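Below is one structure, written out as structure tokens; the observations come after it.
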Protein chains: 2
Amino acid sequence: MKAADTGLDYKNGIVEMAHGGGGRAMTRLIETLFVARFSNPLLNEMNDQAFLPLADTDNLTGVKPHYVMATDSHVVSPLFFPGGNIGNLSVHGTINDVAMSGATPLYLAASFILEEGFPLADLKRIVESMAEAAIYDNIQIVTGDTKVVERGKGDGVFITTTGFGVVRDGIKRSPHNICVGDKILVSGTLGDHGVAIMSHREHLTFETEILSDTQSLSDLVAAMVAEVPTIRCMRDPTRGGLASVVNEITQQAKVGITLWEKKLPIQPQVKAACELLGLDPLYIANEGKLIAFCPSDSADQLLRCMTNHPKGANAAVIGEVTDDLRHGVQLETEFGGLRRVDWLSGEQLPRIC
Amino acid sequence: MKAADTGLDYKNGIVEMAHGGGGRAMTRLIETLFVARFSNPLLNEMNDQAFLPLADTDNLTGVKPHYVMATDSHVVSPLFFPGGNIGNLSVHGTINDVAMSGATPLYLAASFILEEGFPLADLKRIVESMAEAAIYDNIQIVTGDTKVVERGKGDGVFITTTGFGVVRDGIKRSPHNICVGDKILVSGTLGDHGVAIMSHREHLTFETEILSDTQSLSDLVAAMVAEVPTIRCMRDPTRGGLASVVNEITQQAKVGITLWEKKLPIQPQVKAACELLGLDPLYIANEGKLIAFCPSDSADQLLRCMTNHPKGANAAVIGEVTDDLRHGVQLETEFGGLRRVDWLSGEQLPRIC
């Protein structure tokens, strides 16, 4: 068999309908690209499903772990952007959704919808960045799927990832735990991802390039829950930004929230870009930041733990939970006034993740 | 608040970019349509991840269960076809991938990529058929995601489902267990799904309408593994049909396979349609059939078990495993000859699932 029969032509090759047909071309794509890059014993079995060896009850402590599952489809445009691409974004996004429960992410499923004609070289770059992201977090991509749609029926590549993880301390963190008086912390600067994408789309350049903050937060989360197990709940403020997440939480927890504008960490160039583009950084997507709710008397300890971690260097206490009967969110402005932070209405930044 | 503020206009409403924006419109779509129809305590928590209460080791038998995970993106075209639609197909497809390991499917994640302009009425029909399929199988849709892409960048709706299940008897069924002399059984007629889709696309009508066989196989699998725990391995011959699945298995198990043409159950109208369309039923997708490999001396018992089940009424022993050193698949024709059953080359039926 010639090399050309088994290899993929990354220089000139494109995705063809046959790559989704269930036959030899699809098997070749999967084996040569996906399985080769994501290689691990569970995936390499190449069944239609992956066997998962799960963590048992901790024999030392007798703690019974919880398990969590999260899924996200990624349709970001452009596929490659300053600071990342759809590949590592699709791994980070789902790892972070799993990690927000306090879980250690263990396994990932990855499913690709490819558009006919998409360059194999671009697909290779994307897959490689997924593999790197997975290795960084010690998470295994254990099963997957590949479909191909005709030209004009997709947009290059869409990636859906589903993550599975274990909450080793068995604690169930959710908005229902939140109490009036709790403090709200953010792990770093706001708006970087959305502004990076938007600047790239609008061909804006700044003195300091704005990069997406796409990154996994599972190591930061591990440090946080070890230090302050009483964290009530964590969320990553992705699509819709901080404003959307805190509005969701006020509804779920039936409380009010006050944010302190002067405490919100925002990079100067992000602030400048937002003014130029007419955007409000509160509504801009992040892909490597989290917010955490904790009892007031643990806030200092949690902040120290976060700022001591490289991914929480710019962490800050940004607000507190109130007994507002309307379950609203308000911002205490730098000038001491109060303004309502409403839900995002309409679509501010399409296809941000 | 007026009803119009909270409800969705299923009569004239369409998917708008705002439905993917992370704001109020998205939350309304998710709560009014998805959560309402898929309602269960785990989903209703409305976190970015679902907590999964998992089965423990069976205290009566001491058996340690295995866990499995499978994912599939569904891009079938048309979205509605005789016998089903992308909604129930997306539930059945992943349930079946989970079940083929001998597992009981427990939880499903569902992620939607919607095209701007897609009618909400169609989305509702799709979601309702997913909910019905999930209820039928007692599987809970516990987490999900919704993205919207611009007109012309998608094709109505793509659905990625990821399933999680438990193999209660702890047995790991895989092609590696297959031995020379094993028998191969199929649970029913071949080619129904692919021919139903193709006939619909080509506007062909037959005296007897050809319906997709889309259905969950988890109850059939449960009956089979209870009766014959020594089943070596099961697969659902979807995209690429029976021929592709047996070719994959010969590679994995390093054996040969002989299929007996006269034993292959194929409906007369499917056979006729295949002749008309120039298709080979061996390569046509099924969405509600499985093949099973079992030791030769269990084949009769397994066949009885299958034919006694409504979803295995037309089951048959269709071939056997050989020691062919080339790991090939051959068909013993009705006239006694032998022909090679090769991998599918190229794309025979695009977007079949």
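By convention here, the chains of the structure tokens are called A, B, ... in the order presented, each chain's residues are numbered starting at 1, and ligands are numbered starting at 1 in the order presented.
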
Distance table requested - chain A against chain B, cut-off 6 Å, only C-alpha atoms: one row per qualifying residue with the closest atom pair and its distance in Å to one decimal, ordered by chain and rising residue number, as JSON lines.
```
{"residue": "A:Ala18", "atom": "CA", "partner": "B:Glu347", "partner_atom": "CA", "distance": 4.2}
{"residue": "A:Gly21", "atom": "CA", "partner": "B:Glu347", "partner_atom": "CA", "distance": 4.7}
{"residue": "A:Gly22", "atom": "CA", "partner": "B:Gly240", "partner_atom": "CA", "distance": 4.6}
{"residue": "A:Gly23", "atom": "CA", "partner": "B:Leu344", "partner_atom": "CA", "distance": 4.5}
{"residue": "A:Arg24", "atom": "CA", "partner": "B:Trp343", "partner_atom": "CA", "distance": 5.8}
{"residue": "A:Asp48", "atom": "CA", "partner": "B:Asp97", "partner_atom": "CA", "distance": 5.7}
{"residue": "A:Gln49", "atom": "CA", "partner": "B:Ala70", "partner_atom": "CA", "distance": 4.3}
{"residue": "A:Ala50", "atom": "CA", "partner": "B:Met69", "partner_atom": "CA", "distance": 5.2}
{"residue": "A:Phe51", "atom": "CA", "partner": "B:Val68", "partner_atom": "CA", "distance": 4.4}
{"residue": "A:Leu52", "atom": "CA", "partner": "B:Tyr67", "partner_atom": "CA", "distance": 5.0}
{"residue": "A:Tyr67", "atom": "CA", "partner": "B:Leu52", "partner_atom": "CA", "distance": 5.0}
{"residue": "A:Val68", "atom": "CA", "partner": "B:Phe51", "partner_atom": "CA", "distance": 4.4}
{"residue": "A:Met69", "atom": "CA", "partner": "B:Ala50", "partner_atom": "CA", "distance": 5.2}
{"residue": "A:Ala70", "atom": "CA", "partner": "B:Gln49", "partner_atom": "CA", "distance": 4.3}
{"residue": "A:Thr71", "atom": "CA", "partner": "B:Gly144", "partner_atom": "CA", "distance": 5.8}
{"residue": "A:Asp72", "atom": "CA", "partner": "B:Asp145", "partner_atom": "CA", "distance": 5.4}
{"residue": "A:Asp97", "atom": "CA", "partner": "B:Asp48", "partner_atom": "CA", "distance": 5.7}
{"residue": "A:Val98", "atom": "CA", "partner": "B:Gln49", "partner_atom": "CA", "distance": 5.9}
{"residue": "A:Gly144", "atom": "CA", "partner": "B:Thr71", "partner_atom": "CA", "distance": 5.8}
{"residue": "A:Asp145", "atom": "CA", "partner": "B:Asp72", "partner_atom": "CA", "distance": 5.4}
{"residue": "A:Lys153", "atom": "CA", "partner": "B:Gly154", "partner_atom": "CA", "distance": 4.8}
{"residue": "A:Gly154", "atom": "CA", "partner": "B:Gly154", "partner_atom": "CA", "distance": 4.3}
{"residue": "A:Asp155", "atom": "CA", "partner": "B:Lys153", "partner_atom": "CA", "distance": 5.2}
{"residue": "A:Arg239", "atom": "CA", "partner": "B:Gly22", "partner_atom": "CA", "distance": 5.1}
{"residue": "A:Gly240", "atom": "CA", "partner": "B:Gly22", "partner_atom": "CA", "distance": 4.6}
{"residue": "A:Trp343", "atom": "CA", "partner": "B:Gly23", "partner_atom": "CA", "distance": 5.8}
{"residue": "A:Leu344", "atom": "CA", "partner": "B:Gly23", "partner_atom": "CA", "distance": 4.5}
{"residue": "A:Ser345", "atom": "CA", "partner": "B:Gly23", "partner_atom": "CA", "distance": 5.8}
{"residue": "A:Gly346", "atom": "CA", "partner": "B:Ala18", "partner_atom": "CA", "distance": 4.7}
{"residue": "A:Glu347", "atom": "CA", "partner": "B:Ala18", "partner_atom": "CA", "distance": 4.2}
```

>> So that I can check the surroundings of range 259-262 of chain B, please list as a VMD selection string every protein, DNA and RNA residue that reaches within 6 Å of it, counting only C-alpha atoms and ignoring chain neighbours fewer than 2 positions away.
In response: chain B and resid 264 318 to 319 331 to 334

I need the chosen residues saved as a short mmCIF file (atom, residue, chain, number, x, y, z; two decimals), in the first residue's frame, with C-alpha atoms.
```cif
data_model
loop_
_atom_site.label_atom_id
_atom_site.label_comp_id
_atom_site.auth_asym_id
_atom_site.auth_seq_id
_atom_site.Cartn_x
_atom_site.Cartn_y
_atom_site.Cartn_z
CA LEU B 264 -30.02 -11.54 5.04
CA ILE B 318 -26.47 -14.26 8.86
CA GLY B 319 -22.88 -15.45 8.90
CA LEU B 331 -20.55 -12.90 0.81
CA GLU B 332 -21.74 -16.39 -0.06
CA THR B 333 -24.26 -15.49 -2.76
CA GLU B 334 -27.66 -17.08 -3.24
#
```

Dump as JSON lines the rows for residues of range 103-170 of chain B within 9 Å of range 200-220 of chain B: closest atom pair and distance in Å with one decimal, only C-alpha atoms counted, ordered by chain and rising residue number.
```
{"residue": "B:Ala103", "atom": "CA", "partner": "B:Ser218", "partner_atom": "CA", "distance": 7.9}
{"residue": "B:Thr104", "atom": "CA", "partner": "B:Ser218", "partner_atom": "CA", "distance": 6.7}
{"residue": "B:Pro105", "atom": "CA", "partner": "B:Ser218", "partner_atom": "CA", "distance": 7.4}
{"residue": "B:Ala133", "atom": "CA", "partner": "B:Ser216", "partner_atom": "CA", "distance": 8.0}
{"residue": "B:Tyr136", "atom": "CA", "partner": "B:Ser216", "partner_atom": "CA", "distance": 8.6}
{"residue": "B:Asp137", "atom": "CA", "partner": "B:Ser216", "partner_atom": "CA", "distance": 7.4}
```

Output C-alpha atoms for every residue in that selection, as a PDB file, in the first residue's frame.
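Below is the file selection.pdb, written as the result:
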```pdb
ATOM      1  CA  ALA B 103     -25.223  -0.937  28.878  1.00  0.00           C
ATOM      2  CA  THR B 104     -28.423   0.542  30.234  1.00  0.00           C
ATOM      3  CA  PRO B 105     -28.475   4.153  28.952  1.00  0.00           C
ATOM      4  CA  ALA B 133     -37.995   9.072  22.700  1.00  0.00           C
ATOM      5  CA  TYR B 136     -39.800   5.689  26.131  1.00  0.00           C
ATOM      6  CA  ASP B 137     -36.325   4.652  27.192  1.00  0.00           C
TER       7      ASP B 137
END
```

>> Between CA of Val321 in chain A and CA of Ile184 in chain A, what distance in Å does the model show, to one decimal?
In response: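 Separation of CA of Val321 in chain A and CA of Ile184 in chain A: 7.5 Å.
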
>> Could you go through range 189-352 of chain A and tell me which residues DSSP, when run on the backbone, assigns to strand (DSSP E), listing them as a count of residues only?
In response: 26

>> Considering only helix (DSSP H, G or I) as DSSP defines it on the backbone, what residues of range 30-161 of chain B qualify? List them as JSON, numbers by chain.
In response: {"B": [30, 31, 32, 33, 34, 35, 36, 37, 38, 41, 42, 43, 44, 86, 87, 88, 89, 90, 91, 92, 93, 94, 95, 96, 97, 98, 99, 120, 121, 122, 123, 124, 125, 126, 127, 128, 129, 130, 131, 132, 133, 134, 135, 136]}

Create the file for the chosen residues now, containing N, CA and C atoms and written as a tab-separated table (two decimals), in the first residue's frame.
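File written: result23.tsv
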```
chain	number	residue	atom	x	y	z
B	30	ILE	N	-34.79	28.39	25.96
B	30	ILE	CA	-34.36	27.20	26.70
B	30	ILE	C	-35.42	26.80	27.72
B	31	GLU	N	-35.92	27.79	28.48
B	31	GLU	CA	-36.88	27.45	29.53
B	31	GLU	C	-38.23	27.03	28.95
B	32	THR	N	-38.70	27.78	27.94
B	32	THR	CA	-40.04	27.54	27.42
B	32	THR	C	-40.10	26.26	26.60
B	33	LEU	N	-39.05	26.00	25.85
B	33	LEU	CA	-39.11	24.85	24.96
B	33	LEU	C	-38.32	23.66	25.52
B	34	PHE	N	-37.03	23.83	25.69
B	34	PHE	CA	-36.20	22.67	26.03
B	34	PHE	C	-36.48	22.14	27.43
B	35	VAL	N	-36.37	23.00	28.43
B	35	VAL	CA	-36.53	22.51	29.80
B	35	VAL	C	-37.95	22.04	30.04
B	36	ALA	N	-38.93	22.74	29.47
B	36	ALA	CA	-40.32	22.34	29.65
B	36	ALA	C	-40.56	20.93	29.11
B	37	ARG	N	-40.00	20.64	27.95
B	37	ARG	CA	-40.27	19.34	27.32
B	37	ARG	C	-39.40	18.22	27.88
B	38	PHE	N	-38.18	18.53	28.26
B	38	PHE	CA	-37.27	17.49	28.73
B	38	PHE	C	-37.30	17.38	30.26
B	41	PRO	N	-35.56	16.35	37.26
B	41	PRO	CA	-34.91	17.09	38.36
B	41	PRO	C	-33.47	17.48	38.07
B	42	LEU	N	-32.74	16.66	37.34
B	42	LEU	CA	-31.33	16.97	37.10
B	42	LEU	C	-31.18	18.13	36.12
B	43	LEU	N	-32.01	18.12	35.06
B	43	LEU	CA	-31.97	19.22	34.08
B	43	LEU	C	-32.50	20.50	34.69
B	44	ASN	N	-33.56	20.36	35.48
B	44	ASN	CA	-34.25	21.54	35.99
B	44	ASN	C	-33.39	22.37	36.94
B	86	ILE	N	-35.15	14.26	12.84
B	86	ILE	CA	-33.82	14.40	13.44
B	86	ILE	C	-33.88	14.33	14.97
B	87	GLY	N	-35.05	14.67	15.55
B	87	GLY	CA	-35.18	14.67	17.00
B	87	GLY	C	-35.11	13.26	17.59
B	88	ASN	N	-36.06	12.41	17.20
B	88	ASN	CA	-36.00	11.06	17.80
B	88	ASN	C	-34.78	10.28	17.29
B	89	LEU	N	-34.37	10.55	16.04
B	89	LEU	CA	-33.15	9.92	15.54
B	89	LEU	C	-31.95	10.24	16.42
B	90	SER	N	-31.86	11.51	16.87
B	90	SER	CA	-30.69	11.91	17.65
B	90	SER	C	-30.69	11.27	19.05
B	91	VAL	N	-31.87	10.93	19.54
B	91	VAL	CA	-31.94	10.21	20.82
B	91	VAL	C	-31.64	8.73	20.60
B	92	HIS	N	-32.31	8.14	19.61
B	92	HIS	CA	-32.10	6.71	19.34
B	92	HIS	C	-30.65	6.40	18.98
B	93	GLY	N	-30.06	7.27	18.13
B	93	GLY	CA	-28.71	7.01	17.64
B	93	GLY	C	-27.71	6.86	18.78
B	94	THR	N	-27.79	7.78	19.73
B	94	THR	CA	-26.81	7.75	20.82
B	94	THR	C	-27.16	6.70	21.87
B	95	ILE	N	-28.46	6.55	22.15
B	95	ILE	CA	-28.88	5.47	23.06
B	95	ILE	C	-28.36	4.14	22.52
B	96	ASN	N	-28.49	3.93	21.21
B	96	ASN	CA	-28.05	2.66	20.64
B	96	ASN	C	-26.53	2.48	20.73
B	97	ASP	N	-25.79	3.56	20.51
B	97	ASP	CA	-24.33	3.44	20.65
B	97	ASP	C	-23.95	3.06	22.08
B	98	VAL	N	-24.65	3.62	23.04
B	98	VAL	CA	-24.41	3.25	24.44
B	98	VAL	C	-24.81	1.80	24.69
B	99	ALA	N	-25.99	1.43	24.20
B	99	ALA	CA	-26.55	0.11	24.48
B	99	ALA	C	-25.72	-1.02	23.86
B	120	LEU	N	-39.85	28.10	14.51
B	120	LEU	CA	-39.97	27.57	15.87
B	120	LEU	C	-40.94	26.40	15.93
B	121	ALA	N	-41.93	26.38	15.02
B	121	ALA	CA	-42.88	25.27	15.02
B	121	ALA	C	-42.16	23.95	14.71
B	122	ASP	N	-41.23	23.99	13.77
B	122	ASP	CA	-40.47	22.78	13.44
B	122	ASP	C	-39.56	22.39	14.60
B	123	LEU	N	-38.97	23.39	15.22
B	123	LEU	CA	-38.10	23.10	16.37
B	123	LEU	C	-38.90	22.43	17.48
B	124	LYS	N	-40.13	22.91	17.68
B	124	LYS	CA	-40.99	22.32	18.71
B	124	LYS	C	-41.30	20.86	18.40
B	125	ARG	N	-41.63	20.56	17.16
B	125	ARG	CA	-41.91	19.16	16.78
B	125	ARG	C	-40.70	18.28	17.05
B	126	ILE	N	-39.55	18.80	16.72
B	126	ILE	CA	-38.31	18.04	16.90
B	126	ILE	C	-38.05	17.78	18.38
B	127	VAL	N	-38.19	18.84	19.18
B	127	VAL	CA	-37.93	18.72	20.61
B	127	VAL	C	-38.94	17.75	21.25
B	128	GLU	N	-40.20	17.83	20.82
B	128	GLU	CA	-41.21	16.92	21.37
B	128	GLU	C	-40.90	15.47	21.04
B	129	SER	N	-40.42	15.22	19.84
B	129	SER	CA	-40.12	13.83	19.50
B	129	SER	C	-38.88	13.33	20.26
B	130	MET	N	-37.97	14.26	20.58
B	130	MET	CA	-36.84	13.87	21.43
B	130	MET	C	-37.33	13.51	22.82
B	131	ALA	N	-38.24	14.34	23.34
B	131	ALA	CA	-38.75	14.11	24.69
B	131	ALA	C	-39.47	12.76	24.76
B	132	GLU	N	-40.28	12.46	23.73
B	132	GLU	CA	-40.99	11.17	23.70
B	132	GLU	C	-40.01	10.01	23.66
B	133	ALA	N	-38.99	10.15	22.82
B	133	ALA	CA	-37.99	9.07	22.70
B	133	ALA	C	-37.27	8.86	24.02
B	134	ALA	N	-36.98	9.95	24.71
B	134	ALA	CA	-36.27	9.84	25.99
B	134	ALA	C	-37.15	9.17	27.03
B	135	ILE	N	-38.43	9.55	27.06
B	135	ILE	CA	-39.36	8.96	28.03
B	135	ILE	C	-39.51	7.47	27.77
B	136	TYR	N	-39.64	7.10	26.49
B	136	TYR	CA	-39.80	5.69	26.13
B	136	TYR	C	-38.68	4.85	26.75
```

> Could you work out how far CA of Phe335 in chain B lies from CA of Ser296 in chain B, giving the answer in Å with one decimal?
Replying inline: 24.6 Å

> How many Å separate CA of Ile171 in chain A from CA of Gly62 in chain A?
Replying inline: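 Answer for the CA of Ile171 in chain A to CA of Gly62 in chain A separation: 13.4 Å.
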
>> Let me make sure I understand: among B:Thr258, B:Gln140, B:Asn177, B:Thr61, which one has the smallest atom-to-atom distance to Arg340 in chain B if we use only C-alpha atoms?
In response: B:Thr258

> Nearest to Pro295 in chain B among B:Glu227, B:Glu116, B:Asp182, B:Asp9, with distances taken over only C-alpha atoms: which residue is it?
Replying inline: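 Ranking B:Glu227, B:Glu116, B:Asp182, B:Asp9 by distance to Pro295 in chain B, first place goes to B:Asp182.
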